[in-house]
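J.: Sending over a structure as structure tokens; questions will come in a sec.
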Amino acid sequence: MGLFDRHAGLLDAYRDVRTTGADPFQIRMERVLSATEAVINGRKTLLVGTNNYFGLTFDPSCMEAAIEAIRAEGTGTTGSRIANGSYSEHVALEQEIAEFYGKKHCMVFTTGYQANLGVISTLVAQGDFLLIDADSHASIYDACKMTQAEVVRFKHNDPSSLEARLRRLGDRPGNRLVVLEGIYSMLGDSAPLKEFIDVSKKYGAYVLVDEAHSLGALGEHGRGLCESTGVLDDCHFIVGTFSKTLGAIGGYCVSNDPDFDILRVTVRSYMFTASLPPSIVASVRQALRVVKARPELRTKLWENVATLYDGLAARGFKLGPEHGPVVGVHLPDRSTAIGFWRAMLDAGVYVNVAVPPATPNGVSLLRCSVSAAHSKEQLAHMIEVMTGIGRQMGLLGPQLRAVAGNR
Amino acid sequence: MSDVQTGSLPLRTAQNMIVENDDFADTLVARRPPSRGEVMAEICRQLEPFQTDDGAAITGATVISKDLSIDSLAVMDMVMDLEDQFDVSIPMNVVAEIHTVDELADTILSLSARR
């Protein structure tokens with residue numbers, strides 16, 4: 001058996017996708033023009049699938065900060081924090097994120113994926129219990145494979161399902177760690193965090209919340225779901241990313257645990273990879289200042305979410321369960337989703353296509369992410385394009401309307 | 001299916017009274033460890049929608065990921081339902097080692113016996 005034989009089924013399916021038109025998994029942006037536009041296939045294209053929630057990738061102050069940092073400290077650190085040492089700016093960034101959350105400690109990682117992977121897999125070990133939401137991100141699932149702890153899934157966003165599983169552990173010794181996400185990346189729905197916290201407290205479980213998609217978007221100060229649901233002090237660990245609202249790349253974890261810093265010499269995804277380059281650290285620090293100084297970006301984001309979500313719902317599309325910076329549009333199956341996606345790209349609108357097994361419950365989705373940088377006109381155009389294609393494909397007939405009406 | 005019928009008879013012990021007054025109405029709390037017949041019947045019921053077109057019956061020897069048209073995510077979701085039906089938790093690494101219907105039934109039975 002050859003090394004790639006085990007992927008035969010996937011190769012076939014992928015070949016079918018690639019030979020019938022544009023490949024949704026290898027799209028090339030020939031030129032990025034702004035936070036909301038790029039040239040794709042030679043055509044100016046509206047971007048509604050880039051997780052660029054505040055549009056900060058082109059914020060002049062963030063760009064200048066990055067450029068200055070390169071001039072002052074070079075392009076990269078060429079090594080890990082434990083082997084090559086930290087730059088003052090790494091430490092400053094960690095202090096600023098800790099202060100942002102009102103927590104004592106912060107560790108910065110080179111990607112958000114590595115933050116989840118390393119922290120979750122290291123916090124629990126043999127004899128401990130890790131309880132994860134069924135719809136968790138791949139980085140959380142991968143962390144589960146790396147730990148010797150017993151891993152149990154509970155039903156998505158269902159505190160009673162978590163409670164049943166904590167109860168079944170009874171008086172077995174070992175720590176319990178519950179992992180949740182602020183906003184789920186496929187359908188844009190939020191966890192009932194307060195209820196999850198109440199259950200976790202009742203059974204003495206630690207809670208880790210991944211705010212990757214909710215940083216900036218939720219809470220009075222943009223700290224995420226932990227802030228908007230008033231449970232910041234009850235979350236033992238908050239993980240997040242710099243690659244969405246903050247417009248760069250990197251991850252972090254904050255905590256009040258007095259021994260938190262021991263993770264710097266135990267978390268392998270922190271220890272054995274190069275640290276963030278000076279330009280990224282500088283733009284992220286500036287982006288965090290922008291998030292604090294300009295709450296109007298959050299207001300604009302949610303106005304845009306309402307425009308897109310309500311507009312699409314009114315035209316008869318079946319959407320995720322609630323308003324969120326991610327708007328998931330349900331389509332009947334994989335090939336319809338890919339066909340719809342291609343038609344949108346041809347019409348100059350880029351979104352993400354999400355199909356099984358990357359999606360919960362085997363659903364096929366067009367995944368749209370809204371930005372504060374989108375104009376009303378751009379979103380109105382997007383709704384027109386989607387509606388036109390939906391009608392041409394016969395997806396907005398009475399049947400789909402009925403489904404939407406039943407929600 | 002006589003096992004299934006017997007299984008539905010409530011046994012009134014002190015412990016069961018407590019369980020019945022518990023607030024975990026989400027979980028179908030088994031009143032005693034289930035029989036092998038009950039567990040097999042429930043697994044077969046859950047797997048029925050994933051039977052392949054050749055119509056081969058689901059038996060203890062059925063290899064879940066090979067003989068049925070079910071992906072790994074759907075298997076894990078089914079396991080979650082079974083967990084609640086029989087009030088046991090099957091750790092993910094244990095699920096990964098389960099290949100046949102028999103192995104799944106054995107796992108549920110041994111976990112509920114330990115409870």
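We name chains A, B, ... following the order of the structure tokens; residues begin at 1 in each chain, and ligands are numbered from 1 as shown.
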Can you write out as CSV which residues of chain B fall within 10 Å of chain A, alongside each residue's closest atom pair and its distance in Å to one decimal, counting only C-alpha atoms and ordering rows by chain and ascending residue number?
T.:
```
residue,atom,partner,partner_atom,distance
B:Asp23,CA,A:Ser160,CA,9.8
B:Phe24,CA,A:Ala164,CA,7.0
B:Ala25,CA,A:Ser160,CA,9.0
B:Asp26,CA,A:Ser160,CA,6.8
B:Thr27,CA,A:Ala164,CA,7.1
B:Asp71,CA,A:Pro357,CA,7.9
B:Ser72,CA,A:Pro357,CA,8.6
B:Leu73,CA,A:Pro357,CA,7.2
B:Ala74,CA,A:Asn361,CA,7.3
B:Met76,CA,A:Arg153,CA,8.5
B:Asp77,CA,A:Ala134,CA,7.9
B:Val79,CA,A:Arg153,CA,9.5
B:Met80,CA,A:Phe154,CA,7.1
B:Asp81,CA,A:Lys155,CA,9.0
B:Glu83,CA,A:Arg165,CA,8.9
B:Asp84,CA,A:Ala164,CA,7.9
B:Asp87,CA,A:Arg168,CA,7.5
B:Val88,CA,A:Arg168,CA,6.7
B:Ser89,CA,A:Arg165,CA,6.5
B:Ile90,CA,A:Val152,CA,6.8
B:Pro91,CA,A:Val152,CA,5.0
B:Met92,CA,A:Val151,CA,5.4
B:Asn93,CA,A:Val151,CA,7.2
B:Val94,CA,A:Glu150,CA,8.9
B:Val95,CA,A:Val152,CA,10.0
B:Arg115,CA,A:Arg168,CA,8.3
```
J.: Dump N, CA and C atoms for the selected residues as a PDB file, in the first residue's frame?
T.:
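Below is the file out.pdb, written as the result:
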```pdb
ATOM      1  N   ASP B  23     -32.243  16.050  38.761  1.00  0.00           N
ATOM      2  CA  ASP B  23     -32.673  16.992  37.728  1.00  0.00           C
ATOM      3  C   ASP B  23     -31.996  16.766  36.373  1.00  0.00           C
ATOM      4  N   PHE B  24     -31.531  15.575  36.123  1.00  0.00           N
ATOM      5  CA  PHE B  24     -30.922  15.324  34.813  1.00  0.00           C
ATOM      6  C   PHE B  24     -31.927  14.668  33.888  1.00  0.00           C
ATOM      7  N   ALA B  25     -33.000  15.371  33.630  1.00  0.00           N
ATOM      8  CA  ALA B  25     -34.047  14.803  32.793  1.00  0.00           C
ATOM      9  C   ALA B  25     -33.568  14.622  31.358  1.00  0.00           C
ATOM     10  N   ASP B  26     -32.432  15.308  31.010  1.00  0.00           N
ATOM     11  CA  ASP B  26     -31.912  15.178  29.650  1.00  0.00           C
ATOM     12  C   ASP B  26     -31.418  13.762  29.385  1.00  0.00           C
ATOM     13  N   THR B  27     -31.020  13.087  30.427  1.00  0.00           N
ATOM     14  CA  THR B  27     -30.411  11.779  30.266  1.00  0.00           C
ATOM     15  C   THR B  27     -31.407  10.689  30.603  1.00  0.00           C
ATOM     16  N   ASP B  71     -19.249   8.558   8.279  1.00  0.00           N
ATOM     17  CA  ASP B  71     -17.912   9.132   8.478  1.00  0.00           C
ATOM     18  C   ASP B  71     -17.591   9.226   9.969  1.00  0.00           C
ATOM     19  N   SER B  72     -16.327   9.524  10.254  1.00  0.00           N
ATOM     20  CA  SER B  72     -15.865   9.447  11.646  1.00  0.00           C
ATOM     21  C   SER B  72     -16.612  10.430  12.548  1.00  0.00           C
ATOM     22  N   LEU B  73     -16.982  11.577  11.981  1.00  0.00           N
ATOM     23  CA  LEU B  73     -17.695  12.576  12.782  1.00  0.00           C
ATOM     24  C   LEU B  73     -19.084  12.059  13.164  1.00  0.00           C
ATOM     25  N   ALA B  74     -19.755  11.423  12.206  1.00  0.00           N
ATOM     26  CA  ALA B  74     -21.090  10.877  12.484  1.00  0.00           C
ATOM     27  C   ALA B  74     -21.003   9.755  13.514  1.00  0.00           C
ATOM     28  N   MET B  76     -18.833   9.643  15.945  1.00  0.00           N
ATOM     29  CA  MET B  76     -18.664  10.290  17.257  1.00  0.00           C
ATOM     30  C   MET B  76     -19.987  10.881  17.745  1.00  0.00           C
ATOM     31  N   ASP B  77     -20.799  11.416  16.818  1.00  0.00           N
ATOM     32  CA  ASP B  77     -22.100  11.958  17.219  1.00  0.00           C
ATOM     33  C   ASP B  77     -23.034  10.845  17.697  1.00  0.00           C
ATOM     34  N   VAL B  79     -22.053   8.063  19.047  1.00  0.00           N
ATOM     35  CA  VAL B  79     -21.538   7.653  20.358  1.00  0.00           C
ATOM     36  C   VAL B  79     -22.085   8.570  21.446  1.00  0.00           C
ATOM     37  N   MET B  80     -22.163   9.880  21.139  1.00  0.00           N
ATOM     38  CA  MET B  80     -22.695  10.823  22.131  1.00  0.00           C
ATOM     39  C   MET B  80     -24.136  10.480  22.498  1.00  0.00           C
ATOM     40  N   ASP B  81     -24.925  10.105  21.504  1.00  0.00           N
ATOM     41  CA  ASP B  81     -26.317   9.711  21.771  1.00  0.00           C
ATOM     42  C   ASP B  81     -26.372   8.435  22.617  1.00  0.00           C
ATOM     43  N   GLU B  83     -24.111   7.382  24.628  1.00  0.00           N
ATOM     44  CA  GLU B  83     -23.658   7.722  25.983  1.00  0.00           C
ATOM     45  C   GLU B  83     -24.844   8.153  26.845  1.00  0.00           C
ATOM     46  N   ASP B  84     -25.695   8.996  26.265  1.00  0.00           N
ATOM     47  CA  ASP B  84     -26.821   9.501  27.039  1.00  0.00           C
ATOM     48  C   ASP B  84     -27.900   8.444  27.223  1.00  0.00           C
ATOM     49  N   ASP B  87     -26.208   6.245  29.852  1.00  0.00           N
ATOM     50  CA  ASP B  87     -25.608   6.977  30.970  1.00  0.00           C
ATOM     51  C   ASP B  87     -24.167   6.554  31.259  1.00  0.00           C
ATOM     52  N   VAL B  88     -23.380   6.484  30.205  1.00  0.00           N
ATOM     53  CA  VAL B  88     -21.943   6.229  30.354  1.00  0.00           C
ATOM     54  C   VAL B  88     -21.210   7.262  29.497  1.00  0.00           C
ATOM     55  N   SER B  89     -19.929   7.493  29.784  1.00  0.00           N
ATOM     56  CA  SER B  89     -19.115   8.331  28.909  1.00  0.00           C
ATOM     57  C   SER B  89     -18.012   7.460  28.323  1.00  0.00           C
ATOM     58  N   ILE B  90     -17.872   7.511  27.007  1.00  0.00           N
ATOM     59  CA  ILE B  90     -16.830   6.729  26.333  1.00  0.00           C
ATOM     60  C   ILE B  90     -15.748   7.695  25.873  1.00  0.00           C
ATOM     61  N   PRO B  91     -14.570   7.662  26.508  1.00  0.00           N
ATOM     62  CA  PRO B  91     -13.511   8.612  26.116  1.00  0.00           C
ATOM     63  C   PRO B  91     -13.161   8.474  24.634  1.00  0.00           C
ATOM     64  N   MET B  92     -12.739   9.593  24.008  1.00  0.00           N
ATOM     65  CA  MET B  92     -12.473   9.605  22.570  1.00  0.00           C
ATOM     66  C   MET B  92     -11.402   8.598  22.167  1.00  0.00           C
ATOM     67  N   ASN B  93     -10.385   8.414  23.022  1.00  0.00           N
ATOM     68  CA  ASN B  93      -9.335   7.453  22.642  1.00  0.00           C
ATOM     69  C   ASN B  93      -9.872   6.020  22.649  1.00  0.00           C
ATOM     70  N   VAL B  94     -10.874   5.768  23.487  1.00  0.00           N
ATOM     71  CA  VAL B  94     -11.512   4.448  23.489  1.00  0.00           C
ATOM     72  C   VAL B  94     -12.356   4.290  22.221  1.00  0.00           C
ATOM     73  N   VAL B  95     -13.079   5.353  21.846  1.00  0.00           N
ATOM     74  CA  VAL B  95     -13.882   5.301  20.619  1.00  0.00           C
ATOM     75  C   VAL B  95     -12.985   4.967  19.431  1.00  0.00           C
ATOM     76  N   ARG B 115     -20.233   1.323  36.739  1.00  0.00           N
ATOM     77  CA  ARG B 115     -20.857   2.507  37.316  1.00  0.00           C
ATOM     78  C   ARG B 115     -21.336   2.270  38.747  1.00  0.00           C
TER      79      ARG B 115
END
```
J.: Neighbouring residues of Lys300 of chain A were defined as those with any atom within 9 Å, considering only C-alpha atoms; residues of the same chain fewer than 6 positions away were excluded. Please report them as number ranges by chain.
T.: A: 54, 371-374
J.: I need the chosen residues saved as a JSON list (two decimals), in the first residue's frame, with N, CA and C atoms.
T.:
```json
[["chain", "number", "residue", "atom", "x", "y", "z"],
["A", 54, "PHE", "N", -12.48, 43.84, 11.95],
["A", 54, "PHE", "CA", -12.40, 45.31, 12.09],
["A", 54, "PHE", "C", -11.71, 45.95, 10.88],
["A", 371, "SER", "N", -17.13, 42.48, 7.96],
["A", 371, "SER", "CA", -16.11, 43.38, 8.48],
["A", 371, "SER", "C", -16.72, 44.76, 8.73],
["A", 372, "ALA", "N", -16.15, 45.44, 9.75],
["A", 372, "ALA", "CA", -16.55, 46.83, 9.97],
["A", 372, "ALA", "C", -16.16, 47.68, 8.77],
["A", 373, "ALA", "N", -15.21, 47.20, 7.97],
["A", 373, "ALA", "CA", -14.73, 47.96, 6.81],
["A", 373, "ALA", "C", -15.67, 47.84, 5.61],
["A", 374, "HIS", "N", -16.61, 46.91, 5.64],
["A", 374, "HIS", "CA", -17.56, 46.82, 4.52],
["A", 374, "HIS", "C", -18.46, 48.06, 4.50]]
```
J.: Looking at only C-alpha atoms, which of B:Phe86, B:Thr52, B:Asp106, B:Pro33 is the one that sits closest to Ile64 of chain B?
T.: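 Residue with the minimum atom-to-atom distance to Ile64 of chain B: B:Thr52.
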